[in-house]
Structures are given as structure tokens and as C-alpha cells.
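What follows is one structure encoded as C-alpha cells, with my remarks underneath.
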Amino acid sequence: MGCVNGKCCLRRRFRGPHSQNPSSSRHANSSRCQIITDPTTLGSTQVPSHGLLLQYSALSHRGHYPDSPDRENQDSFVIKTELLSNPNLHLFGVFDGHGAFGTECARFVRDRLPEVLCADPAALIEDPAKAFHEAFLRVNSEIHANADIDDSMSGTTAIVVLVYGDTLYVANVGDSRAVAGVLSEDDSVKVEDLSSDQTPFREDEKERVQKCGARVLTAGQVEAAAAAAIDGTHIPELEATECTSSEADEGDPPRLWVRDGMYPGTAFTRSVGDLTAEGIGVVADPEVRAIRISPSHLFFVLASDGVFEFLSSQGVVDMVSKFSDPREACTEIVSESYRLWLEHESRTDDITIIVVHIQDSSESGSLESHQVIQTKIKDERFAIQKLPEASSEMDSCFPLSDSAKEHSLSCITPSPVGTVS
């Protein structure tokens, strides 16, 4: 979900940790569901320092936009193994562009971030979080200065995982998400949240942008306030509590607006690009978490909010747990996400996911170390199937805390939709 003036302005009915479980929603308009058959990647790489093998797959599917049938997929992703030629460094990232130049923003960040990040290998090895923090802010400045990309009302979110030995460095800017599947004592697989969506639903993020001058209101509330101003009627500010009570509430989400205007309308509080929104506190500074990989960690998942709009984090983990092949998991989740969108809306968001299984390399069977196996891709953007008929229907102006700056990271690399190297 991007800005009102860019990405589709849809009603986020089930967004968030309490989103609908897939097992409870197989009804209604399922006849309109498309089984996704886009080619997926399949690859494997080792982490020899800790005897791990990563088997991964990715899938990106263009959204269904009845009013814009030729609209490009604004999502992008990267899988880059052996970063800096180091067999213990591997990078995975998903980027969700929004706005008129959203596709260009997502691709620019995906392509440029690894170059900036790898420009100082010693800094990356010594302090990955700091290196990613500096690279993110530099790329944000570069996208502002790029004459070919108008990022005044466009940008991209990013969710990135750097595997560094036995540690996952998870960087988040915006409302895409990373989760892990963890084997519990009762042999069930539980979700571990690896990131926290940066939206006005988070009190700390809401307060931060408000201190930068943002109004936090739903689209309906800001329209009502504008109409009242024309009529000379006074409407008290609603932003303090009313519009951010629960992510499970139906209706448009709380968004960010300038003090005296009906823009930019972003539903997230951090992104790369979005120059106008920077003036009200939307920053490119990522939050970064470091998670030590344990024997209980079975896999991790990165996905754009096209997946998590109607699926919960636990629901996604449950679906991945059913498959030993990450390609099958990607296809199942993208298909189910697409179906749920059409069940609730007349269009869908772009949907992108990466699934990475974590295995003991000594038990990896016949998988060859460091060999990337890719299925044939019909074109460099991934072949998109004909979609079914749908029913008619700059730096922060408010200094970040030390705890926020301790979270700092992010990364990427190329191909119009995704890249694997």
C-alpha cells in the first residue's frame, strides 16, 4: 500500500498481525481465483562457516488493475549470493514501489544499494548495521538527485535480509515484512517476526511523524476536514487516537498528510524516495534487527504487503511449512494472496515473495554447494499470465533515538522485476 496519489488506494480490511488465516477464507469468489504459474527461481548456496545450506525461491506477480491493464509490476526483488565474493555473505531483498515513478524507484534502489554497500568491504564486515544505514541514506540522496526519476511523490519500501554467517541482519523501510518459521517443542512451526511494519499504527512512528508536522488521518477524514474548511466549519483534529486504534478495523488506513494539503497520503512512515513526504518525517533510515540462526529456525520469508494484506504472518508460515520445495511455497502463497484480493476487492496489488529454507549442509543430500539452479524465465520480467475477469465491482527532521539507529541496514541488485546472482 503506497500513497493515495500513487499506488492503488484500497481498503485495508485485514492488514496486520491479525490478518485473516488462509484456512478460514476459502469461500465466496474462489471461482475467480487464478492459479499462478509464473516461472519461479530455485537456487541453493552454502554458509560454510556454520555448516548451513540455504535453498531459496522467489516469485513476483503483477497486480490486476482493471483501469490500467498494461500497468507494470512495481515490485522488485534481489537474491545475491556470496556478496563480496564471501561464501558466508548472502543477500535477499524485496522492494515495493509506489507512485507514478514507483517502478523506477524500486529498480534504482535494488540496483544501486549493493554497489554502495560493497564499496567499502571492510566497513560492511566490521559493522553491517552501520554500513547499511549509511548506504541507505546515500542511495536516498542519489534518487533525489536523479534527473530521470521524479520521486517527489514516488518511492519504494524495502525489506532485506543479509545472511552473515549464522546471523540474519534484517533491514526494514516501510510496510513490507520478514518472518521466520521456528520449530517449537510441540513440533508445530511458530512465526517469529523479523521486522515491524513502519506505519501510523505504530505509536512510536505516529508520534515521530507528528512531531515533524504530519497530520495522521484517514483519506475520509482529511476530505471531511478540507470540506469543513471551505464551509468555515471547525472540525477538531482526529489524528491523536481515533484513526489508529486497530489494524483490523475496516476502512482506509491512517495516512500522512501535510498540514494544509491533501497530499502525499502515504500509509507508511519510512521509505526511499518520497521527497515531499520527507518534509513531514518519512525517512529512509532503516530499522535493523540481528537474529542468531538456531537449529530451530527452519526458514525465513520476505514479502511485499501484497501478501500480508489479507494473510497473517502465522498464516504465511503455516503455508510454507507444508512444502519441502520453496518454489511450491511461493506459488501457493502468491495464488492464495491473489485469490483473497479478488475476494475482497475488484483489483489486486503486485505480489512478491522470497522463501529461504535453512538446512544443515551435512544433511543436504544431492544439492550441490554454491550452485544456482534457475528455471527458464520467458522474459526478464517473469512471464505474466492473462489475468481473470474480476467482478464489477533527508534525514529525519525529528532525530531518531539510539535504539532506532541501532536498527540500520538494507540492500539490493538487478532485472526489471527481480534478479538472482
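By order of appearance in the C-alpha cells: chains A, B, ..., then residues from 1 within every chain, and ligands from 1 in the order shown.
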
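The neighbours of region 317-327 of chain A here are the residues that come within 7 Å of it, using only C-alpha atoms and leaving out any residue fewer than 6 positions away in the same chain; they are Thr40, Leu42, Tyr56, Ser57, Gly181, Val191, Ile333, Val355 and Val356 of chain A.
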
Practice task
Run DSSP on the backbone of this structure and report the residues of region 154-324 of chain A it assigns to alpha helix (DSSP H), as a ChimeraX atom specification.
Solution key: /A:203-211,219-231,275-278,305-308,313-321

Generate the output file for the selected residues, N, CA, C and O atoms, as a compact mmCIF listing (two decimals), in the first residue's frame.
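Below is the file selection.txt, written as the result:
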```txt
# COMPACT_ATOMS: atom_id res chain seq x y z
N GLU A 203 2.60 3.37 17.49
CA GLU A 203 2.54 4.62 18.25
C GLU A 203 3.84 5.41 18.16
O GLU A 203 3.83 6.64 18.03
N ASP A 204 4.99 4.70 18.22
CA ASP A 204 6.26 5.42 18.17
C ASP A 204 6.46 6.11 16.82
O ASP A 204 6.92 7.26 16.75
N GLU A 205 6.07 5.42 15.74
CA GLU A 205 6.21 6.02 14.42
C GLU A 205 5.20 7.16 14.22
O GLU A 205 5.52 8.19 13.62
N LYS A 206 4.00 6.97 14.72
CA LYS A 206 2.98 8.03 14.59
C LYS A 206 3.43 9.29 15.32
O LYS A 206 3.37 10.40 14.77
N GLU A 207 3.94 9.13 16.53
CA GLU A 207 4.40 10.29 17.30
C GLU A 207 5.59 10.97 16.62
O GLU A 207 5.70 12.19 16.61
N ARG A 208 6.48 10.16 16.04
CA ARG A 208 7.66 10.74 15.38
C ARG A 208 7.26 11.62 14.21
O ARG A 208 7.75 12.75 14.08
N VAL A 209 6.37 11.13 13.33
CA VAL A 209 6.00 11.93 12.16
C VAL A 209 5.13 13.12 12.56
O VAL A 209 5.19 14.19 11.92
N GLN A 210 4.34 12.98 13.60
CA GLN A 210 3.54 14.11 14.06
C GLN A 210 4.45 15.24 14.56
O GLN A 210 4.16 16.42 14.33
N LYS A 211 5.55 14.90 15.19
CA LYS A 211 6.49 15.92 15.64
C LYS A 211 7.18 16.60 14.47
O LYS A 211 7.72 17.70 14.62
N ALA A 219 -8.12 8.88 4.66
CA ALA A 219 -8.46 9.69 3.50
C ALA A 219 -9.82 10.34 3.70
O ALA A 219 -10.03 11.51 3.35
N GLY A 220 -10.77 9.60 4.26
CA GLY A 220 -12.10 10.16 4.50
C GLY A 220 -12.05 11.32 5.49
O GLY A 220 -12.75 12.34 5.30
N GLN A 221 -11.24 11.20 6.51
CA GLN A 221 -11.15 12.27 7.50
C GLN A 221 -10.51 13.53 6.92
O GLN A 221 -10.95 14.64 7.21
N VAL A 222 -9.48 13.37 6.11
CA VAL A 222 -8.83 14.55 5.55
C VAL A 222 -9.74 15.24 4.53
O VAL A 222 -9.75 16.47 4.41
N GLU A 223 -10.55 14.45 3.80
CA GLU A 223 -11.51 15.05 2.87
C GLU A 223 -12.59 15.81 3.63
O GLU A 223 -13.00 16.91 3.22
N ALA A 224 -13.04 15.25 4.74
CA ALA A 224 -14.04 15.94 5.55
C ALA A 224 -13.48 17.23 6.14
O ALA A 224 -14.17 18.26 6.19
N ALA A 225 -12.22 17.18 6.56
CA ALA A 225 -11.60 18.37 7.12
C ALA A 225 -11.46 19.46 6.06
O ALA A 225 -11.66 20.65 6.34
N ALA A 226 -11.13 19.07 4.82
CA ALA A 226 -10.99 20.04 3.74
C ALA A 226 -12.34 20.67 3.40
O ALA A 226 -12.43 21.89 3.19
N ALA A 227 -13.38 19.85 3.38
CA ALA A 227 -14.72 20.38 3.09
C ALA A 227 -15.18 21.32 4.19
O ALA A 227 -15.79 22.37 3.92
N ALA A 228 -14.87 20.97 5.42
CA ALA A 228 -15.25 21.83 6.54
C ALA A 228 -14.53 23.16 6.49
O ALA A 228 -15.10 24.21 6.81
N ALA A 229 -13.28 23.15 6.06
CA ALA A 229 -12.52 24.39 5.96
C ALA A 229 -13.13 25.32 4.92
O ALA A 229 -13.18 26.54 5.11
N ILE A 230 -13.61 24.74 3.82
CA ILE A 230 -14.25 25.55 2.77
C ILE A 230 -15.53 26.17 3.30
O ILE A 230 -15.86 27.32 3.03
N ASP A 231 -16.28 25.40 4.08
CA ASP A 231 -17.55 25.89 4.63
C ASP A 231 -17.35 26.78 5.85
O ASP A 231 -18.32 27.35 6.37
N LEU A 275 10.23 12.45 -1.76
CA LEU A 275 10.85 13.70 -1.33
C LEU A 275 9.87 14.61 -0.60
O LEU A 275 10.21 15.20 0.42
N THR A 276 8.65 14.73 -1.12
CA THR A 276 7.66 15.59 -0.46
C THR A 276 7.37 15.10 0.95
O THR A 276 7.28 15.90 1.90
N ALA A 277 7.23 13.79 1.10
CA ALA A 277 6.90 13.22 2.41
C ALA A 277 8.03 13.36 3.41
O ALA A 277 7.80 13.29 4.62
N GLU A 278 9.25 13.56 2.94
CA GLU A 278 10.36 13.75 3.88
C GLU A 278 10.13 14.96 4.77
O GLU A 278 10.57 15.00 5.91
N ASP A 305 3.74 -6.08 0.81
CA ASP A 305 2.48 -6.07 1.54
C ASP A 305 1.32 -6.63 0.72
O ASP A 305 0.23 -6.83 1.24
N GLY A 306 1.57 -6.92 -0.56
CA GLY A 306 0.56 -7.62 -1.34
C GLY A 306 0.25 -9.00 -0.78
O GLY A 306 -0.85 -9.52 -0.94
N VAL A 307 1.21 -9.60 -0.09
CA VAL A 307 1.00 -10.88 0.58
C VAL A 307 0.29 -10.69 1.92
O VAL A 307 -0.69 -11.37 2.24
N PHE A 308 0.76 -9.72 2.70
CA PHE A 308 0.28 -9.59 4.08
C PHE A 308 -0.98 -8.74 4.21
O PHE A 308 -1.46 -8.53 5.32
N SER A 313 0.94 -13.25 9.42
CA SER A 313 2.31 -13.77 9.43
C SER A 313 2.31 -15.26 9.77
O SER A 313 3.02 -16.05 9.14
N GLN A 314 1.51 -15.67 10.75
CA GLN A 314 1.43 -17.09 11.10
C GLN A 314 0.82 -17.89 9.95
O GLN A 314 1.24 -19.02 9.67
N GLY A 315 -0.16 -17.30 9.26
CA GLY A 315 -0.76 -17.99 8.12
C GLY A 315 0.25 -18.26 7.02
O GLY A 315 0.26 -19.34 6.41
N VAL A 316 1.13 -17.30 6.77
CA VAL A 316 2.18 -17.48 5.77
C VAL A 316 3.15 -18.58 6.20
O VAL A 316 3.53 -19.45 5.41
N VAL A 317 3.54 -18.57 7.47
CA VAL A 317 4.43 -19.61 7.99
C VAL A 317 3.78 -20.98 7.87
O VAL A 317 4.42 -21.97 7.49
N ASP A 318 2.48 -21.07 8.18
CA ASP A 318 1.78 -22.35 8.07
C ASP A 318 1.82 -22.87 6.64
O ASP A 318 2.00 -24.08 6.41
N MET A 319 1.66 -21.98 5.68
CA MET A 319 1.65 -22.40 4.27
C MET A 319 3.04 -22.86 3.82
O MET A 319 3.17 -23.87 3.14
N VAL A 320 4.08 -22.13 4.21
CA VAL A 320 5.43 -22.53 3.83
C VAL A 320 5.77 -23.89 4.43
O VAL A 320 6.44 -24.72 3.81
N SER A 321 5.28 -24.14 5.64
CA SER A 321 5.61 -25.39 6.35
C SER A 321 5.09 -26.63 5.63
O SER A 321 5.58 -27.74 5.88
```

Handout entry: Those in region 66-145 of chain A with strand (DSSP E) from DSSP, as a list in words
Key =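 Put together, the selection reads Asp75, Ser76, Phe77, Val78, Ile79, Lys80, Leu89, His90, Leu91, Phe92, Gly93, Val94, Phe95, Asp96, Gly97 and His98 of chain A.
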
Region 68-78 of chain A surroundings by only C-alpha atoms, 7 Å radius, close-in-sequence under 4 positions cut, as a PDB file with C-alpha atoms, in the first residue's frame:
```pdb
ATOM      1  CA  ARG A  62       1.883  -8.252 -11.379  1.00  0.00           C
ATOM      2  CA  GLY A  63      -1.280  -6.905  -9.824  1.00  0.00           C
ATOM      3  CA  PHE A  92      17.832 -11.257  -0.165  1.00  0.00           C
ATOM      4  CA  GLY A  93      15.548  -8.259  -0.692  1.00  0.00           C
ATOM      5  CA  VAL A  94      12.031  -7.258  -1.767  1.00  0.00           C
ATOM      6  CA  PHE A  95      11.166  -3.719  -2.903  1.00  0.00           C
ATOM      7  CA  ASP A  96       7.650  -2.357  -3.312  1.00  0.00           C
ATOM      8  CA  GLY A  97       7.488   0.797  -5.436  1.00  0.00           C
ATOM      9  CA  HIS A  98       4.619   3.271  -5.373  1.00  0.00           C
ATOM     10  CA  GLY A 102       7.397   3.644  -8.348  1.00  0.00           C
ATOM     11  CA  THR A 103       8.789   1.046 -10.735  1.00  0.00           C
ATOM     12  CA  ALA A 106      12.248   0.203  -6.790  1.00  0.00           C
ATOM     13  CA  ARG A 107      14.672  -0.771  -9.545  1.00  0.00           C
ATOM     14  CA  ARG A 110      17.589  -2.536  -5.901  1.00  0.00           C
ATOM     15  CA  ASP A 350       1.517  -6.527  -7.006  1.00  0.00           C
ATOM     16  CA  THR A 352       6.263 -10.626  -4.419  1.00  0.00           C
ATOM     17  CA  ILE A 412      19.612  -4.893  -3.395  1.00  0.00           C
ATOM     18  CA  THR A 413      20.557  -5.821  -7.199  1.00  0.00           C
ATOM     19  CA  PRO A 414      19.030  -6.003 -10.906  1.00  0.00           C
ATOM     20  CA  VAL A 417      11.343  -7.271 -11.624  1.00  0.00           C
ATOM     21  CA  GLY A 418      13.965  -9.358  -9.889  1.00  0.00           C
ATOM     22  CA  THR A 419      17.496 -10.581 -10.097  1.00  0.00           C
ATOM     23  CA  VAL A 420      19.420 -13.582  -8.917  1.00  0.00           C
TER      24      VAL A 420
END
```

Taking only C-alpha atoms into account, produce a table as CSV in which each residue of region 256-343 of chain A with an atom at most 12 Å from an atom of region 141-165 of chain A appears once, together with its shortest atom pair and the distance in Å to one decimal, ordered by chain and rising number.
```
residue,atom,partner,partner_atom,distance
A:Tyr263,CA,A:Met153,CA,8.8
A:Pro264,CA,A:Met153,CA,6.7
A:Gly265,CA,A:Met153,CA,9.5
A:Thr266,CA,A:Met153,CA,9.3
A:Ala267,CA,A:Thr157,CA,11.1
A:Phe268,CA,A:Thr157,CA,8.7
A:Thr269,CA,A:Thr157,CA,9.9
A:Arg270,CA,A:Thr157,CA,7.4
A:Ser271,CA,A:Thr157,CA,4.9
A:Val272,CA,A:Thr156,CA,5.4
A:Gly273,CA,A:Gly155,CA,4.3
A:Asp274,CA,A:Gly155,CA,5.0
A:Leu275,CA,A:Ser152,CA,4.6
A:Thr276,CA,A:Ser152,CA,5.2
A:Ala277,CA,A:Met153,CA,7.6
A:Glu278,CA,A:Ser152,CA,9.4
A:Gly279,CA,A:Ser152,CA,10.8
A:Val282,CA,A:Gly155,CA,10.8
A:Val283,CA,A:Thr157,CA,10.7
A:Ala284,CA,A:Thr157,CA,8.9
A:Asp285,CA,A:Ala158,CA,10.9
A:Pro286,CA,A:Ala158,CA,8.7
A:Glu287,CA,A:Ile159,CA,9.9
A:Val288,CA,A:Val160,CA,9.3
A:Arg289,CA,A:Val161,CA,9.5
A:Ala290,CA,A:Leu162,CA,9.5
A:Ile291,CA,A:Val163,CA,9.7
A:Arg292,CA,A:Gly165,CA,9.2
A:Ile293,CA,A:Gly165,CA,8.9
A:Ser294,CA,A:Gly165,CA,11.8
A:Phe300,CA,A:Val161,CA,9.2
A:Val301,CA,A:Val161,CA,9.4
A:Leu302,CA,A:Ile159,CA,6.8
A:Ala303,CA,A:Ile159,CA,7.7
A:Ser304,CA,A:Ile159,CA,8.0
A:Asp305,CA,A:Thr157,CA,9.7
```

Emit the selected residues as a tab-separated table (two decimals), in the first residue's frame, including N, CA, C and O atoms.
```tsv
chain	number	residue	atom	x	y	z
A	263	TYR	N	-2.16	15.85	0.51
A	263	TYR	CA	-1.08	15.05	-0.05
A	263	TYR	C	0.00	14.90	1.03
A	263	TYR	O	-0.02	15.65	2.00
A	264	PRO	N	0.92	13.95	0.98
A	264	PRO	CA	1.05	12.89	-0.02
A	264	PRO	C	0.17	11.68	0.23
A	264	PRO	O	-0.02	10.86	-0.64
A	265	GLY	N	-0.35	11.52	1.44
A	265	GLY	CA	-1.24	10.40	1.72
A	265	GLY	C	-0.54	9.06	1.84
A	265	GLY	O	-1.13	8.02	1.52
A	266	THR	N	0.70	9.02	2.33
A	266	THR	CA	1.41	7.74	2.47
A	266	THR	C	0.87	6.95	3.66
A	266	THR	O	0.57	7.51	4.71
A	267	ALA	N	0.75	5.63	3.47
A	267	ALA	CA	0.25	4.75	4.52
A	267	ALA	C	1.40	4.14	5.32
A	267	ALA	O	1.19	3.27	6.15
A	268	PHE	N	2.63	4.58	5.07
A	268	PHE	CA	3.82	4.11	5.77
A	268	PHE	C	4.58	5.33	6.27
A	268	PHE	O	4.34	6.45	5.83
A	269	THR	N	5.49	5.13	7.18
A	269	THR	CA	6.23	6.24	7.78
A	269	THR	C	7.71	6.26	7.40
A	269	THR	O	8.42	7.17	7.80
A	270	ARG	N	8.16	5.27	6.63
A	270	ARG	CA	9.53	5.26	6.14
A	270	ARG	C	9.54	4.72	4.71
A	270	ARG	O	8.76	3.83	4.36
A	271	SER	N	10.44	5.25	3.89
A	271	SER	CA	10.59	4.79	2.52
A	271	SER	C	11.86	5.39	1.95
A	271	SER	O	12.46	6.28	2.54
A	272	VAL	N	12.24	4.92	0.75
A	272	VAL	CA	13.31	5.55	-0.01
A	272	VAL	C	12.65	6.35	-1.12
A	272	VAL	O	11.76	5.85	-1.81
A	273	GLY	N	13.08	7.59	-1.31
A	273	GLY	CA	12.42	8.48	-2.25
A	273	GLY	C	11.42	9.34	-1.50
A	273	GLY	O	11.71	9.84	-0.40
A	274	ASP	N	10.23	9.56	-2.11
A	274	ASP	CA	9.15	10.31	-1.46
A	274	ASP	C	9.66	11.63	-0.89
A	274	ASP	O	9.51	11.92	0.31
A	275	LEU	N	10.23	12.45	-1.76
A	275	LEU	CA	10.85	13.70	-1.33
A	275	LEU	C	9.87	14.61	-0.60
A	275	LEU	O	10.21	15.20	0.42
A	276	THR	N	8.65	14.73	-1.12
A	276	THR	CA	7.66	15.59	-0.46
A	276	THR	C	7.37	15.10	0.95
A	276	THR	O	7.28	15.90	1.90
A	277	ALA	N	7.23	13.79	1.10
A	277	ALA	CA	6.90	13.22	2.41
A	277	ALA	C	8.03	13.36	3.41
A	277	ALA	O	7.80	13.29	4.62
A	278	GLU	N	9.25	13.56	2.94
A	278	GLU	CA	10.36	13.75	3.88
A	278	GLU	C	10.13	14.96	4.77
A	278	GLU	O	10.57	15.00	5.91
A	279	GLY	N	9.44	15.96	4.22
A	279	GLY	CA	9.19	17.17	4.99
A	279	GLY	C	8.28	16.96	6.17
A	279	GLY	O	8.21	17.81	7.07
A	282	VAL	N	8.83	11.29	6.85
A	282	VAL	CA	9.03	9.98	6.21
A	282	VAL	C	10.51	9.85	5.87
A	282	VAL	O	11.02	10.57	5.02
A	283	VAL	N	11.20	8.92	6.52
A	283	VAL	CA	12.65	8.83	6.41
A	283	VAL	C	13.07	7.53	5.74
A	283	VAL	O	12.33	6.55	5.70
A	284	ALA	N	14.31	7.53	5.25
A	284	ALA	CA	14.88	6.33	4.61
A	284	ALA	C	15.76	5.56	5.57
A	284	ALA	O	16.44	4.62	5.16
A	285	ASP	N	15.78	5.93	6.82
A	285	ASP	CA	16.62	5.28	7.82
A	285	ASP	C	16.00	3.93	8.18
A	285	ASP	O	14.91	3.88	8.75
A	286	PRO	N	16.66	2.82	7.87
A	286	PRO	CA	16.05	1.52	8.15
A	286	PRO	C	16.17	1.11	9.60
A	286	PRO	O	17.08	1.52	10.31
A	287	GLU	N	15.23	0.31	10.05
A	287	GLU	CA	15.36	-0.39	11.32
A	287	GLU	C	16.02	-1.73	11.00
A	287	GLU	O	15.67	-2.39	10.03
A	288	VAL	N	16.97	-2.13	11.83
A	288	VAL	CA	17.68	-3.38	11.60
A	288	VAL	C	17.66	-4.24	12.85
A	288	VAL	O	17.91	-3.75	13.94
A	289	ARG	N	17.34	-5.50	12.66
A	289	ARG	CA	17.40	-6.46	13.75
A	289	ARG	C	18.43	-7.53	13.42
A	289	ARG	O	18.53	-7.96	12.28
A	290	ALA	N	19.16	-7.99	14.41
A	290	ALA	CA	20.11	-9.08	14.23
A	290	ALA	C	19.57	-10.30	14.95
A	290	ALA	O	19.27	-10.25	16.14
A	291	ILE	N	19.40	-11.40	14.21
A	291	ILE	CA	18.82	-12.63	14.76
A	291	ILE	C	19.81	-13.77	14.55
A	291	ILE	O	20.22	-14.05	13.42
A	292	ARG	N	20.20	-14.42	15.61
A	292	ARG	CA	21.11	-15.57	15.51
A	292	ARG	C	20.32	-16.79	15.03
A	292	ARG	O	19.27	-17.13	15.59
A	293	ILE	N	20.81	-17.44	14.00
A	293	ILE	CA	20.15	-18.63	13.47
A	293	ILE	C	20.36	-19.78	14.43
A	293	ILE	O	21.50	-20.12	14.78
A	294	SER	N	19.27	-20.39	14.87
A	294	SER	CA	19.34	-21.53	15.78
A	294	SER	C	18.92	-22.79	15.04
A	294	SER	O	18.36	-22.72	13.94
A	300	PHE	N	13.02	-18.61	6.42
A	300	PHE	CA	12.53	-17.23	6.57
A	300	PHE	C	11.90	-16.79	5.26
A	300	PHE	O	12.17	-17.34	4.19
A	301	VAL	N	11.05	-15.79	5.37
A	301	VAL	CA	10.25	-15.31	4.25
A	301	VAL	C	10.32	-13.80	4.19
A	301	VAL	O	10.23	-13.13	5.23
A	302	LEU	N	10.49	-13.25	2.99
A	302	LEU	CA	10.38	-11.81	2.76
A	302	LEU	C	9.25	-11.62	1.75
A	302	LEU	O	9.17	-12.36	0.77
A	303	ALA	N	8.39	-10.63	1.97
A	303	ALA	CA	7.30	-10.42	1.03
A	303	ALA	C	6.81	-8.98	1.07
A	303	ALA	O	6.90	-8.29	2.09
A	304	SER	N	6.29	-8.53	-0.06
A	304	SER	CA	5.67	-7.20	-0.13
A	304	SER	C	4.32	-7.25	0.58
A	304	SER	O	3.79	-8.32	0.89
A	305	ASP	N	3.74	-6.08	0.81
A	305	ASP	CA	2.48	-6.07	1.54
A	305	ASP	C	1.32	-6.63	0.72
A	305	ASP	O	0.23	-6.83	1.24
```

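As for CA of Lys80 (chain A) and CA of Glu328 (chain A), they are spaced 21.0 Å apart.
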
Exercise for the section: Determine, counting only C-alpha atoms, which protein, DNA and RNA residues have an atom within 6 Å of an atom of Thr218 (chain A); residues of the same chain fewer than 6 positions away are not included. Present the result as a ChimeraX atom specification. Expected result: /A:252-255

Problem - Within 7 Å of Asp193 (chain A) using only C-alpha atoms, minus same-chain residues under 2 positions, as number ranges by chain - result: A: 178-180, 191, 195

How would the residues just chosen look if you wrote them out with N, CA, C and O atoms as a PDB file, in the first residue's frame?
```
ATOM      1  N   ALA A 178       9.254  -9.328   6.933  1.00  0.00           N
ATOM      2  CA  ALA A 178      10.033 -10.564   7.005  1.00  0.00           C
ATOM      3  C   ALA A 178       9.602 -11.356   8.227  1.00  0.00           C
ATOM      4  O   ALA A 178       9.400 -10.788   9.308  1.00  0.00           O
ATOM      5  N   VAL A 179       9.442 -12.665   8.049  1.00  0.00           N
ATOM      6  CA  VAL A 179       9.073 -13.552   9.153  1.00  0.00           C
ATOM      7  C   VAL A 179       9.912 -14.817   9.053  1.00  0.00           C
ATOM      8  O   VAL A 179      10.442 -15.144   7.993  1.00  0.00           O
ATOM      9  N   ALA A 180      10.016 -15.534  10.148  1.00  0.00           N
ATOM     10  CA  ALA A 180      10.728 -16.818  10.165  1.00  0.00           C
ATOM     11  C   ALA A 180       9.808 -17.888  10.714  1.00  0.00           C
ATOM     12  O   ALA A 180       8.905 -17.616  11.513  1.00  0.00           O
ATOM     13  N   VAL A 191       5.535 -18.640  14.144  1.00  0.00           N
ATOM     14  CA  VAL A 191       6.106 -17.485  13.464  1.00  0.00           C
ATOM     15  C   VAL A 191       7.014 -16.704  14.406  1.00  0.00           C
ATOM     16  O   VAL A 191       6.745 -16.593  15.610  1.00  0.00           O
ATOM     17  N   SER A 195      10.633  -8.321  11.430  1.00  0.00           N
ATOM     18  CA  SER A 195      10.535  -6.883  11.173  1.00  0.00           C
ATOM     19  C   SER A 195       9.229  -6.377  11.755  1.00  0.00           C
ATOM     20  O   SER A 195       8.341  -7.166  12.108  1.00  0.00           O
TER      21      SER A 195
END
```

Practice task
Between A:Glu309, A:Asp120, A:Asp111, A:Asp260, single out the one closest to Leu340 (chain A), counting only C-alpha atoms.
Solution key: A:Glu309

Problem - Given only C-alpha atoms as the counted atoms, nearest of A:Glu343, A:Cys118, A:Pro128, A:Ala214 to Met262 (chain A) - result: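 Selected residue with least distance to Met262 (chain A): A:Ala214.
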
Problem - Pick from A:Ala131, A:Val170, A:Leu217, A:Val109 nearest to Leu194 (chain A), counting only C-alpha atoms - result: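 The answer is A:Val170, which sits nearest to Leu194 (chain A).
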